[in-house]
$ cat work.cif   # mmCIF, N, CA and C atoms
data_protein
#
loop_
_atom_site.group_PDB
_atom_site.id
_atom_site.type_symbol
_atom_site.label_atom_id
_atom_site.label_comp_id
_atom_site.auth_asym_id
_atom_site.auth_seq_id
_atom_site.Cartn_x
_atom_site.Cartn_y
_atom_site.Cartn_z
ATOM 1 N N MET N 8 0.856 -1.172 0.000
ATOM 2 C CA MET N 8 0.000 0.000 0.000
ATOM 3 C C MET N 8 0.904 1.237 0.000
ATOM 4 N N ASN N 9 0.842 1.987 -1.074
ATOM 5 C CA ASN N 9 1.665 3.181 -1.210
ATOM 6 C C ASN N 9 0.748 4.406 -1.312
ATOM 7 N N ILE N 10 0.420 4.963 -0.167
ATOM 8 C CA ILE N 10 -0.520 6.088 -0.108
ATOM 9 C C ILE N 10 0.029 7.315 -0.822
ATOM 10 N N LYS N 11 1.315 7.581 -0.649
ATOM 11 C CA LYS N 11 1.901 8.763 -1.295
ATOM 12 C C LYS N 11 1.818 8.653 -2.812
ATOM 13 N N LYS N 12 2.032 7.459 -3.342
ATOM 14 C CA LYS N 12 1.908 7.270 -4.791
ATOM 15 C C LYS N 12 0.462 7.469 -5.213
ATOM 16 N N SER N 13 -0.465 6.927 -4.440
ATOM 17 C CA SER N 13 -1.889 7.109 -4.754
ATOM 18 C C SER N 13 -2.239 8.595 -4.791
ATOM 19 N N ILE N 14 -1.721 9.351 -3.841
ATOM 20 C CA ILE N 14 -1.978 10.788 -3.811
ATOM 21 C C ILE N 14 -1.404 11.461 -5.047
ATOM 22 N N ARG N 15 -0.148 11.151 -5.389
ATOM 23 C CA ARG N 15 0.484 11.766 -6.573
ATOM 24 C C ARG N 15 -0.303 11.462 -7.839
ATOM 25 N N VAL N 16 -0.711 10.201 -8.002
ATOM 26 C CA VAL N 16 -1.470 9.812 -9.194
ATOM 27 C C VAL N 16 -2.808 10.542 -9.234
ATOM 28 N N CYS N 17 -3.504 10.575 -8.115
ATOM 29 C CA CYS N 17 -4.807 11.249 -8.070
ATOM 30 C C CYS N 17 -4.685 12.739 -8.352
ATOM 31 N N LEU N 18 -3.667 13.358 -7.802
ATOM 32 C CA LEU N 18 -3.464 14.787 -8.064
ATOM 33 C C LEU N 18 -3.304 15.027 -9.560
ATOM 34 N N ALA N 19 -2.507 14.184 -10.215
ATOM 35 C CA ALA N 19 -2.281 14.346 -11.655
ATOM 36 C C ALA N 19 -3.552 14.080 -12.455
ATOM 37 N N VAL N 20 -4.239 12.989 -12.132
ATOM 38 C CA VAL N 20 -5.440 12.608 -12.876
ATOM 39 C C VAL N 20 -6.566 13.625 -12.692
ATOM 40 N N LYS N 21 -6.725 14.084 -11.469
ATOM 41 C CA LYS N 21 -7.811 15.021 -11.167
ATOM 42 C C LYS N 21 -7.443 16.476 -11.453
ATOM 43 N N GLY N 22 -6.174 16.728 -11.787
ATOM 44 C CA GLY N 22 -5.747 18.095 -12.073
ATOM 45 C C GLY N 22 -5.771 18.976 -10.841
ATOM 46 N N MET N 23 -5.496 18.379 -9.684
ATOM 47 C CA MET N 23 -5.485 19.122 -8.426
ATOM 48 C C MET N 23 -4.061 19.392 -7.991
ATOM 49 N N THR N 24 -3.913 20.330 -7.094
ATOM 50 C CA THR N 24 -2.611 20.612 -6.494
ATOM 51 C C THR N 24 -2.641 20.142 -5.042
ATOM 52 N N MET N 25 -1.476 20.002 -4.457
ATOM 53 C CA MET N 25 -1.402 19.606 -3.058
ATOM 54 C C MET N 25 -2.087 20.632 -2.148
ATOM 55 N N PRO N 26 -1.905 21.938 -2.394
ATOM 56 C CA PRO N 26 -2.643 22.902 -1.560
ATOM 57 C C PRO N 26 -4.167 22.735 -1.659
ATOM 58 N N GLU N 27 -4.666 22.389 -2.836
ATOM 59 C CA GLU N 27 -6.110 22.169 -2.985
ATOM 60 C C GLU N 27 -6.565 20.950 -2.189
ATOM 61 N N LEU N 28 -5.756 19.884 -2.236
ATOM 62 C CA LEU N 28 -6.088 18.693 -1.467
ATOM 63 C C LEU N 28 -6.075 19.007 0.026
ATOM 64 N N ALA N 29 -5.043 19.688 0.475
ATOM 65 C CA ALA N 29 -4.937 20.045 1.891
ATOM 66 C C ALA N 29 -6.144 20.886 2.326
ATOM 67 N N GLU N 30 -6.572 21.778 1.460
ATOM 68 C CA GLU N 30 -7.743 22.615 1.777
ATOM 69 C C GLU N 30 -9.003 21.760 1.908
ATOM 70 N N LYS N 31 -9.181 20.808 0.989
ATOM 71 C CA LYS N 31 -10.355 19.929 1.055
ATOM 72 C C LYS N 31 -10.351 19.097 2.340
ATOM 73 N N LEU N 32 -9.161 18.686 2.766
ATOM 74 C CA LEU N 32 -9.037 17.886 3.982
ATOM 75 C C LEU N 32 -9.005 18.738 5.244
ATOM 76 N N GLU N 33 -8.913 20.050 5.054
ATOM 77 C CA GLU N 33 -8.843 21.022 6.147
ATOM 78 C C GLU N 33 -7.637 20.777 7.049
ATOM 79 N N VAL N 34 -6.489 20.509 6.390
ATOM 80 C CA VAL N 34 -5.208 20.323 7.091
ATOM 81 C C VAL N 34 -4.121 21.037 6.298
ATOM 82 N N SER N 35 -2.931 21.131 6.874
ATOM 83 C CA SER N 35 -1.805 21.728 6.156
ATOM 84 C C SER N 35 -1.222 20.716 5.178
ATOM 85 N N ILE N 36 -0.439 21.213 4.238
ATOM 86 C CA ILE N 36 0.219 20.326 3.273
ATOM 87 C C ILE N 36 1.128 19.340 4.004
ATOM 88 N N THR N 37 1.851 19.827 4.979
ATOM 89 C CA THR N 37 2.737 18.963 5.761
ATOM 90 C C THR N 37 1.941 17.854 6.433
ATOM 91 N N ARG N 38 0.777 18.183 6.930
ATOM 92 C CA ARG N 38 -0.069 17.195 7.604
ATOM 93 C C ARG N 38 -0.541 16.116 6.634
ATOM 94 N N VAL N 39 -0.791 16.477 5.381
ATOM 95 C CA VAL N 39 -1.200 15.476 4.382
ATOM 96 C C VAL N 39 -0.117 14.415 4.269
ATOM 97 N N TYR N 40 1.149 14.830 4.188
ATOM 98 C CA TYR N 40 2.241 13.878 4.080
ATOM 99 C C TYR N 40 2.370 13.029 5.345
ATOM 100 N N ARG N 41 2.153 13.628 6.495
ATOM 101 C CA ARG N 41 2.217 12.865 7.750
ATOM 102 C C ARG N 41 1.095 11.843 7.824
ATOM 103 N N LEU N 42 -0.085 12.228 7.368
ATOM 104 C CA LEU N 42 -1.211 11.291 7.342
ATOM 105 C C LEU N 42 -0.899 10.104 6.433
ATOM 106 N N ALA N 43 -0.212 10.370 5.336
ATOM 107 C CA ALA N 43 0.117 9.321 4.378
ATOM 108 C C ALA N 43 1.182 8.369 4.914
ATOM 109 N N ASP N 44 1.996 8.828 5.860
ATOM 110 C CA ASP N 44 3.054 7.977 6.410
ATOM 111 C C ASP N 44 2.507 6.848 7.275
ATOM 112 N N ASN N 45 1.438 7.098 7.982
ATOM 113 C CA ASN N 45 0.877 6.107 8.892
ATOM 114 C C ASN N 45 -0.647 6.196 8.846
ATOM 115 N N PRO N 46 -1.250 5.807 7.717
ATOM 116 C CA PRO N 46 -2.680 6.045 7.538
ATOM 117 C C PRO N 46 -3.567 5.050 8.292
ATOM 118 N N THR N 47 -4.659 5.575 8.778
ATOM 119 C CA THR N 47 -5.711 4.733 9.348
ATOM 120 C C THR N 47 -6.774 4.555 8.270
ATOM 121 N N ALA N 48 -7.710 3.671 8.511
ATOM 122 C CA ALA N 48 -8.800 3.478 7.554
ATOM 123 C C ALA N 48 -9.590 4.775 7.371
ATOM 124 N N LEU N 49 -9.781 5.503 8.451
ATOM 125 C CA LEU N 49 -10.502 6.775 8.379
ATOM 126 C C LEU N 49 -9.744 7.776 7.510
ATOM 127 N N THR N 50 -8.432 7.835 7.680
ATOM 128 C CA THR N 50 -7.606 8.750 6.884
ATOM 129 C C THR N 50 -7.689 8.394 5.402
ATOM 130 N N ILE N 51 -7.582 7.128 5.098
ATOM 131 C CA ILE N 51 -7.654 6.681 3.697
ATOM 132 C C ILE N 51 -9.003 7.055 3.105
ATOM 133 N N ASN N 52 -10.058 6.840 3.861
ATOM 134 C CA ASN N 52 -11.400 7.203 3.380
ATOM 135 C C ASN N 52 -11.541 8.698 3.165
ATOM 136 N N ARG N 53 -10.970 9.498 4.058
ATOM 137 C CA ARG N 53 -11.045 10.961 3.914
ATOM 138 C C ARG N 53 -10.302 11.427 2.671
ATOM 139 N N ILE N 54 -9.099 10.899 2.455
ATOM 140 C CA ILE N 54 -8.306 11.306 1.290
ATOM 141 C C ILE N 54 -9.002 10.853 0.010
ATOM 142 N N ALA N 55 -9.463 9.605 -0.010
ATOM 143 C CA ALA N 55 -10.172 9.104 -1.193
ATOM 144 C C ALA N 55 -11.412 9.942 -1.472
ATOM 145 N N GLY N 56 -12.145 10.274 -0.427
ATOM 146 C CA GLY N 56 -13.348 11.096 -0.580
ATOM 147 C C GLY N 56 -13.044 12.473 -1.141
ATOM 148 N N ALA N 57 -11.900 13.028 -0.769
ATOM 149 C CA ALA N 57 -11.501 14.341 -1.292
ATOM 150 C C ALA N 57 -11.298 14.290 -2.799
ATOM 151 N N PHE N 58 -10.943 13.104 -3.289
ATOM 152 C CA PHE N 58 -10.771 12.923 -4.729
ATOM 153 C C PHE N 58 -12.043 12.400 -5.396
ATOM 154 N N GLY N 59 -13.092 12.189 -4.616
ATOM 155 C CA GLY N 59 -14.346 11.673 -5.160
ATOM 156 C C GLY N 59 -14.253 10.214 -5.543
ATOM 157 N N MET N 60 -13.483 9.451 -4.770
ATOM 158 C CA MET N 60 -13.257 8.044 -5.074
ATOM 159 C C MET N 60 -13.578 7.180 -3.867
ATOM 160 N N LYS N 61 -13.764 5.882 -4.121
ATOM 161 C CA LYS N 61 -13.848 4.904 -3.048
ATOM 162 C C LYS N 61 -12.429 4.617 -2.584
ATOM 163 N N ALA N 62 -12.295 4.186 -1.349
ATOM 164 C CA ALA N 62 -10.973 3.879 -0.791
ATOM 165 C C ALA N 62 -10.267 2.804 -1.612
ATOM 166 N N SER N 63 -10.998 1.789 -2.057
ATOM 167 C CA SER N 63 -10.385 0.703 -2.833
ATOM 168 C C SER N 63 -9.828 1.206 -4.157
ATOM 169 N N GLU N 64 -10.540 2.115 -4.801
ATOM 170 C CA GLU N 64 -10.052 2.698 -6.058
ATOM 171 C C GLU N 64 -8.803 3.523 -5.812
ATOM 172 N N PHE N 65 -8.834 4.309 -4.750
ATOM 173 C CA PHE N 65 -7.704 5.159 -4.404
ATOM 174 C C PHE N 65 -6.462 4.318 -4.106
ATOM 175 N N LEU N 66 -6.615 3.284 -3.308
ATOM 176 C CA LEU N 66 -5.479 2.432 -2.956
ATOM 177 C C LEU N 66 -4.909 1.696 -4.167
ATOM 178 N N ALA N 67 -5.786 1.287 -5.082
ATOM 179 C CA ALA N 67 -5.335 0.569 -6.275
ATOM 180 C C ALA N 67 -4.395 1.414 -7.117
ATOM 181 N N LEU N 68 -4.588 2.714 -7.131
ATOM 182 C CA LEU N 68 -3.709 3.587 -7.923
ATOM 183 C C LEU N 68 -2.277 3.579 -7.408
ATOM 184 N N GLY N 69 -2.091 3.326 -6.135
ATOM 185 C CA GLY N 69 -0.763 3.271 -5.558
ATOM 186 C C GLY N 69 -0.050 1.953 -5.820
ATOM 187 N N GLU N 70 -0.796 0.975 -6.280
ATOM 188 C CA GLU N 70 -0.234 -0.335 -6.537
ATOM 189 C C GLU N 70 0.148 -0.544 -8.001
ATOM 190 N N GLU N 71 -0.349 0.301 -8.868
ATOM 191 C CA GLU N 71 -0.089 0.136 -10.308
ATOM 192 C C GLU N 71 1.326 0.506 -10.655
#
$ encode --input "work.cif" --output "structure tokens"
Amino acid sequence: MNIKKSIRVCLAVKGMTMPELAEKLEVSITRVYRLADNPTALTINRIAGAFGMKASEFLALGEE
């Protein structure tokens, strides 16, 4: 499970920036990276939801 890769892929596919993602999650950019280092199921769901995806879809992007 590579959350950081999933985030990078989603940002590119969705045409979003890291500041936009951080704003949607209501956290700082630094906090997004910290969340990705040790994610909980809730964190994964929140990040996936920010991209308008299911958690399983989001995680799959990090495995490709």
$ resolve_selection --input "work.cif" --expression "the PyMOL selection byres ((chain N and resi 60-71) around 6)" --output "list in words"
Met8, Asn9, Ile10, Lys12, Ser13, Ile51, Asn52, Ala55, Gly56, Ala57, Phe58 and Gly59 of chain N
$ select_by_dssp --input "work.cif" --residues "chain N" --states "helix (DSSP H, G or I)" --output "PyMOL selection string"
chain N and resi 10-21+25-32+36-44+48-57+62-70
$ atom_distance --input "work.cif" --atom1 "CA of Glu27 in chain N" --atom2 "atom N of Thr50 in chain N"
18.0 Å
$ atom_distance --input "work.cif" --atom1 "CA of Lys11 in chain N" --atom2 "CA of Ala43 in chain N"
6.0 Å
$ closest_residue --input "work.cif" --among "N:Met25, N:Ile36, N:Ala19, N:Ile14" --to "Ile54 in chain N" --atoms "all atoms listed in the file"
N:Ile14
$ atom_distance --input "work.cif" --atom1 "atom N of Thr37 in chain N" --atom2 "CA of Leu18 in chain N"
15.0 Å
